[in-house]
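*Asks:* One structure follows; several queries about it will come next.
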Amino acid sequence: MSDYHDLLPVAVEAVRRASETMRRRPPGMLTVKGDRDVASEVDYAIEREVRTFLVTETPEIGFLGEEEGPVGPAEMQWVLDPIDGTANFVRGLPLCAVSLALVHGSEAVLGVIELPFLESRFTAAKADGAYANGQRIRASSISRLSDAIVAVGDYAVGTDAEDRNRLRLALTAQLAADVQRVRMTGSAALDLAWLAEGRLDAALTLSNHAWDMAAGVVIARAAGAVVVDQDGGDHDLHSTVTLAVAPLLAEAVLATYHKAASAATGDQ
């Protein structure tokens, strides 16, 4: 398929339905998925609603959801995070998102992110520009680290959290020394959407799942941001780190990341 734009109305309608459910329903009972990681009843309700809609509308395309896994073909899939930022949603914090991407092979080619409590919807299809509520958006033109506002992903939890957080803590410390402000919103999808809109100048996430990142990567790239993995190569669905940066800051932010990585391993 070459014209992914034709599928945007289907994706927008799926996300619209999900957002209505998110606004209408309280979180309900929580399901523990791991150390300090939960899913709400609404996560499951949205995933099932969106899966049913998309399988009906596009039966030739598979589906992968965060909570209940894949169904259908794998070469081309809808990839959904029903609530990115569940911890925020459960506490009534408005920094949460519905994130839906279309993935072809290992490349995300279409993305829709909605922030239901902030009345913002972001859309993009490959080679077709990025939009917020129907208006074209571009990544920021900030060129100095000292002027940059940078979002970082959540700290790790689980049995290996101490090891995994060495890099996160080193990166936070290095950014604190170099940039105007560091932010942690609790939603990677929101970070990438706000990067695309120019509200943030970089969004750095050090652990990846396809459902967290795919839609935001499409939107950020379509807005002109640079999105790479930890070695500076092109980011794809197999990347383990997402470094998304306004174009004029890319070199400086990547250098900051590598300086932090060296500090975290003691290789200075």
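Letters for chains follow the order of the structure tokens (A, B, ...), residue numbers begin at 1 for each chain, and ligand numbers begin at 1 in the order shown.
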Among the residues of region 49-238 of chain A, find those DSSP assigns to helix (DSSP H, G or I) from the backbone and print them as a VMD selection string.

*Replies:* chain A and resid 49 to 57 86 to 90 145 to 147 161 to 178 188 to 197 210 to 222

*Asks:* Give me the residues near Ser140 (chain A) as a PDB file with C-alpha atoms, in the first residue's frame, where near means some atom within 9 Å (using only C-alpha atoms) and where sequence neighbours in that chain fewer than 3 positions away do not count.

*Replies:*
ATOM      1  CA  SER A 143      19.193  25.708  18.219  1.00  0.00           C
ATOM      2  CA  LEU A 195       7.666  17.735  20.244  1.00  0.00           C
ATOM      3  CA  ALA A 196       5.957  17.744  16.852  1.00  0.00           C
ATOM      4  CA  GLU A 197       3.996  20.833  17.852  1.00  0.00           C
ATOM      5  CA  GLY A 198       7.095  22.682  19.082  1.00  0.00           C
ATOM      6  CA  ARG A 199       6.039  22.763  22.745  1.00  0.00           C
ATOM      7  CA  LEU A 200       9.012  20.512  23.591  1.00  0.00           C
ATOM      8  CA  ASP A 201      12.412  20.491  21.916  1.00  0.00           C
ATOM      9  CA  GLY A 224      10.454  17.688  10.879  1.00  0.00           C
ATOM     10  CA  ALA A 225      11.920  16.206  14.053  1.00  0.00           C
ATOM     11  CA  ALA A 246      14.046  19.233  17.001  1.00  0.00           C
ATOM     12  CA  PRO A 247      16.328  19.275  13.943  1.00  0.00           C
ATOM     13  CA  LEU A 248      18.737  22.036  14.950  1.00  0.00           C
TER      14      LEU A 248
END

*Asks:* If you count only C-alpha atoms, which residues fall within 10 Å of region 236-240 of chain A, apart from same-chain ones fewer than 5 positions away, as number ranges by chain?

*Replies:* A: 103-108, 205-211, 213-214, 217, 227-231

*Asks:* Write to file, as a PDB file, in the first residue's frame, the residues of the selection just made, with C-alpha atoms.

*Replies:*
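File produced: result22.pdb:
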ATOM      1  CA  VAL A 103       2.832  -0.294  10.991  1.00  0.00           C
ATOM      2  CA  HIS A 104       4.011  -1.789   7.701  1.00  0.00           C
ATOM      3  CA  GLY A 105       6.806  -4.286   8.254  1.00  0.00           C
ATOM      4  CA  SER A 106       8.999  -2.611  10.871  1.00  0.00           C
ATOM      5  CA  GLU A 107       8.085   0.954   9.870  1.00  0.00           C
ATOM      6  CA  ALA A 108       5.342   3.077  11.403  1.00  0.00           C
ATOM      7  CA  THR A 205      12.606   7.569  26.016  1.00  0.00           C
ATOM      8  CA  LEU A 206      15.016   4.860  27.095  1.00  0.00           C
ATOM      9  CA  SER A 207      12.711   1.849  26.900  1.00  0.00           C
ATOM     10  CA  ASN A 208      10.407   1.089  24.010  1.00  0.00           C
ATOM     11  CA  HIS A 209       7.285  -0.812  23.160  1.00  0.00           C
ATOM     12  CA  ALA A 210       5.758  -0.445  19.715  1.00  0.00           C
ATOM     13  CA  TRP A 211       2.429   0.717  21.139  1.00  0.00           C
ATOM     14  CA  MET A 213       6.193   4.969  20.359  1.00  0.00           C
ATOM     15  CA  ALA A 214       4.898   4.133  16.870  1.00  0.00           C
ATOM     16  CA  VAL A 217       7.378   8.668  15.852  1.00  0.00           C
ATOM     17  CA  VAL A 227      14.074  10.432  15.474  1.00  0.00           C
ATOM     18  CA  VAL A 228      16.911   7.957  16.016  1.00  0.00           C
ATOM     19  CA  ASP A 229      17.945   5.131  18.319  1.00  0.00           C
ATOM     20  CA  GLN A 230      20.884   5.203  20.733  1.00  0.00           C
ATOM     21  CA  ASP A 231      23.567   4.759  18.082  1.00  0.00           C
TER      22      ASP A 231
END

*Asks:* Looking only at the backbone, which of the residues in region 84-179 of chain A does DSSP tag as strand (DSSP E), as a ChimeraX atom specification?

*Replies:* /A:84,97-104,107-115,120-125,130-132,135-137,149-152

*Asks:* Please produce an output containing N, CA, C and O atoms for each residue in the selection, written as a compact mmCIF listing (two decimals), in the first residue's frame.

*Replies:*
# COMPACT_ATOMS: atom_id res chain seq x y z
N ASP A 84 -2.05 5.67 27.05
CA ASP A 84 -0.65 5.89 27.33
C ASP A 84 -0.57 6.91 28.47
O ASP A 84 -0.93 8.08 28.30
N ALA A 97 -2.98 9.78 26.90
CA ALA A 97 -3.27 9.80 25.48
C ALA A 97 -3.79 8.45 25.00
O ALA A 97 -3.52 7.41 25.59
N VAL A 98 -4.54 8.50 23.90
CA VAL A 98 -4.81 7.32 23.09
C VAL A 98 -3.86 7.39 21.89
O VAL A 98 -3.75 8.44 21.24
N SER A 99 -3.16 6.29 21.62
CA SER A 99 -2.13 6.29 20.58
C SER A 99 -2.36 5.13 19.64
O SER A 99 -2.32 3.96 20.05
N LEU A 100 -2.59 5.43 18.35
CA LEU A 100 -2.85 4.41 17.34
C LEU A 100 -1.95 4.65 16.13
O LEU A 100 -1.91 5.76 15.59
N ALA A 101 -1.24 3.61 15.72
CA ALA A 101 -0.36 3.69 14.55
C ALA A 101 -0.70 2.58 13.57
O ALA A 101 -1.25 1.53 13.95
N LEU A 102 -0.36 2.81 12.32
CA LEU A 102 -0.34 1.75 11.31
C LEU A 102 1.12 1.43 11.04
O LEU A 102 1.92 2.32 10.74
N VAL A 103 1.46 0.16 11.19
CA VAL A 103 2.83 -0.29 10.99
C VAL A 103 2.88 -1.23 9.80
O VAL A 103 2.09 -2.18 9.70
N HIS A 104 3.80 -0.95 8.89
CA HIS A 104 4.01 -1.79 7.70
C HIS A 104 5.42 -2.37 7.78
O HIS A 104 6.39 -1.63 7.72
N GLU A 107 8.17 -0.51 9.97
CA GLU A 107 8.09 0.95 9.87
C GLU A 107 6.68 1.44 10.22
O GLU A 107 5.68 0.96 9.67
N ALA A 108 6.60 2.41 11.11
CA ALA A 108 5.34 3.08 11.40
C ALA A 108 5.08 4.10 10.30
O ALA A 108 5.93 4.94 10.00
N VAL A 109 3.89 4.03 9.68
CA VAL A 109 3.62 4.85 8.49
C VAL A 109 2.43 5.79 8.66
O VAL A 109 2.19 6.64 7.80
N LEU A 110 1.70 5.67 9.74
CA LEU A 110 0.54 6.52 10.00
C LEU A 110 0.34 6.57 11.51
O LEU A 110 0.54 5.57 12.20
N GLY A 111 -0.03 7.73 12.02
CA GLY A 111 -0.23 7.84 13.45
C GLY A 111 -1.33 8.82 13.81
O GLY A 111 -1.49 9.86 13.16
N VAL A 112 -2.08 8.46 14.84
CA VAL A 112 -3.09 9.37 15.43
C VAL A 112 -2.91 9.30 16.94
O VAL A 112 -2.90 8.22 17.53
N ILE A 113 -2.76 10.45 17.56
CA ILE A 113 -2.68 10.57 19.02
C ILE A 113 -3.72 11.57 19.45
O ILE A 113 -3.80 12.68 18.91
N GLU A 114 -4.53 11.20 20.44
CA GLU A 114 -5.48 12.15 21.01
C GLU A 114 -5.22 12.28 22.50
O GLU A 114 -4.99 11.29 23.19
N LEU A 115 -5.28 13.52 22.97
CA LEU A 115 -5.18 13.84 24.39
C LEU A 115 -6.59 14.19 24.84
O LEU A 115 -7.03 15.34 24.72
N SER A 120 -6.95 17.82 22.22
CA SER A 120 -5.95 17.90 21.15
C SER A 120 -5.88 16.57 20.42
O SER A 120 -5.82 15.51 21.05
N ARG A 121 -5.86 16.63 19.09
CA ARG A 121 -5.69 15.43 18.27
C ARG A 121 -4.58 15.69 17.25
O ARG A 121 -4.58 16.71 16.54
N PHE A 122 -3.64 14.78 17.19
CA PHE A 122 -2.49 14.89 16.30
C PHE A 122 -2.56 13.76 15.27
O PHE A 122 -2.82 12.60 15.64
N THR A 123 -2.29 14.10 14.01
CA THR A 123 -2.35 13.10 12.95
C THR A 123 -1.19 13.28 11.99
O THR A 123 -0.68 14.39 11.80
N ALA A 124 -0.79 12.17 11.38
CA ALA A 124 0.23 12.21 10.32
C ALA A 124 0.19 10.91 9.55
O ALA A 124 -0.11 9.85 10.11
N ALA A 125 0.47 11.00 8.28
CA ALA A 125 0.72 9.83 7.44
C ALA A 125 2.05 10.07 6.75
O ALA A 125 2.48 11.21 6.53
N ALA A 130 2.37 16.74 9.39
CA ALA A 130 1.78 16.49 10.70
C ALA A 130 0.80 17.61 11.03
O ALA A 130 1.03 18.77 10.69
N TYR A 131 -0.27 17.24 11.74
CA TYR A 131 -1.34 18.20 12.02
C TYR A 131 -1.81 18.05 13.46
O TYR A 131 -1.83 16.95 14.02
N ALA A 132 -2.20 19.19 14.05
CA ALA A 132 -2.85 19.21 15.36
C ALA A 132 -4.20 19.90 15.19
O ALA A 132 -4.25 21.05 14.76
N GLN A 135 -4.59 21.66 11.90
CA GLN A 135 -3.63 22.69 11.51
C GLN A 135 -2.23 22.11 11.40
O GLN A 135 -1.79 21.36 12.27
N ARG A 136 -1.51 22.48 10.34
CA ARG A 136 -0.16 21.97 10.12
C ARG A 136 0.76 22.39 11.27
O ARG A 136 0.69 23.54 11.74
N ILE A 137 1.60 21.48 11.73
CA ILE A 137 2.53 21.78 12.81
C ILE A 137 3.95 21.43 12.40
O ILE A 137 4.18 20.60 11.52
N ILE A 149 13.62 22.85 26.15
CA ILE A 149 12.83 22.10 27.14
C ILE A 149 12.76 20.66 26.66
O ILE A 149 12.30 20.39 25.55
N VAL A 150 13.24 19.76 27.49
CA VAL A 150 13.42 18.36 27.09
C VAL A 150 12.60 17.45 28.01
O VAL A 150 12.69 17.55 29.23
N ALA A 151 11.81 16.57 27.41
CA ALA A 151 11.06 15.57 28.17
C ALA A 151 11.83 14.27 28.19
O ALA A 151 12.41 13.86 27.18
N VAL A 152 11.83 13.62 29.35
CA VAL A 152 12.44 12.30 29.47
C VAL A 152 11.38 11.30 29.92
O VAL A 152 10.42 11.66 30.62

*Asks:* For Cys96 (chain A), work out the shell of residues within 12 Å, counting only C-alpha atoms and skipping chain neighbours fewer than 4 positions away, then give it as a ChimeraX atom specification.

*Replies:* /A:19,22-23,43,81-92,113-120,185-191,193,212

*Asks:* In Å, with one decimal, what is the gap from CA of Val42 (chain A) to CA of Met29 (chain A)?

*Replies:* 8.9 Å

*Asks:* Would you mind telling me which residue in A:Val241, A:Leu171, A:Ala156, A:Ala139 lies nearest to Ala220 (chain A) when using only C-alpha atoms?

*Replies:*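 Of A:Val241, A:Leu171, A:Ala156, A:Ala139, the one nearest Ala220 (chain A) is A:Ala139, counting only C-alpha atoms.
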
*Asks:* Which one is closest to Asp3 (chain A): A:Trp78, A:Thr52, A:Pro70, A:Ala127? Count only C-alpha atoms.

*Replies:*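 For Asp3 (chain A), the nearest of the given residues is A:Ala127.
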
*Asks:* Would you mind listing what lies within 12 Å of region 175-181 of chain A as a tab-separated table (two decimals) with C-alpha atoms, in the first residue's frame, with only C-alpha atoms counted and same-chain residues fewer than 5 positions away left out?

*Replies:*
chain	number	residue	atom	x	y	z
A	142	ILE	CA	15.47	26.10	18.86
A	143	SER	CA	19.19	25.71	18.22
A	144	ARG	CA	20.81	26.09	21.67
A	145	LEU	CA	20.62	23.50	24.44
A	146	SER	CA	20.37	26.28	27.01
A	147	ASP	CA	17.02	27.29	25.45
A	148	ALA	CA	15.63	23.77	25.19
A	149	ILE	CA	12.83	22.10	27.14
A	150	VAL	CA	13.42	18.36	27.09
A	151	ALA	CA	11.06	15.57	28.17
A	152	VAL	CA	12.44	12.30	29.47
A	167	LEU	CA	21.53	5.71	32.51
A	168	ARG	CA	18.24	7.50	33.19
A	169	LEU	CA	19.69	9.24	36.25
A	170	ALA	CA	22.91	10.12	34.44
A	200	LEU	CA	9.01	20.51	23.59
A	201	ASP	CA	12.41	20.49	21.92
A	202	ALA	CA	13.32	16.85	22.58
A	203	ALA	CA	11.60	13.72	23.86
A	204	LEU	CA	13.97	11.01	25.11
A	249	LEU	CA	19.35	20.41	18.34
A	252	ALA	CA	23.90	18.44	20.68
A	253	VAL	CA	21.25	16.22	22.27
A	254	LEU	CA	22.83	13.05	20.88
A	255	ALA	CA	26.18	14.18	22.29
A	256	THR	CA	24.53	14.75	25.67
A	257	TYR	CA	22.99	11.27	25.57
A	258	HIS	CA	26.34	9.62	24.79
A	259	LYS	CA	28.08	11.61	27.52
A	260	ALA	CA	25.45	10.36	29.99
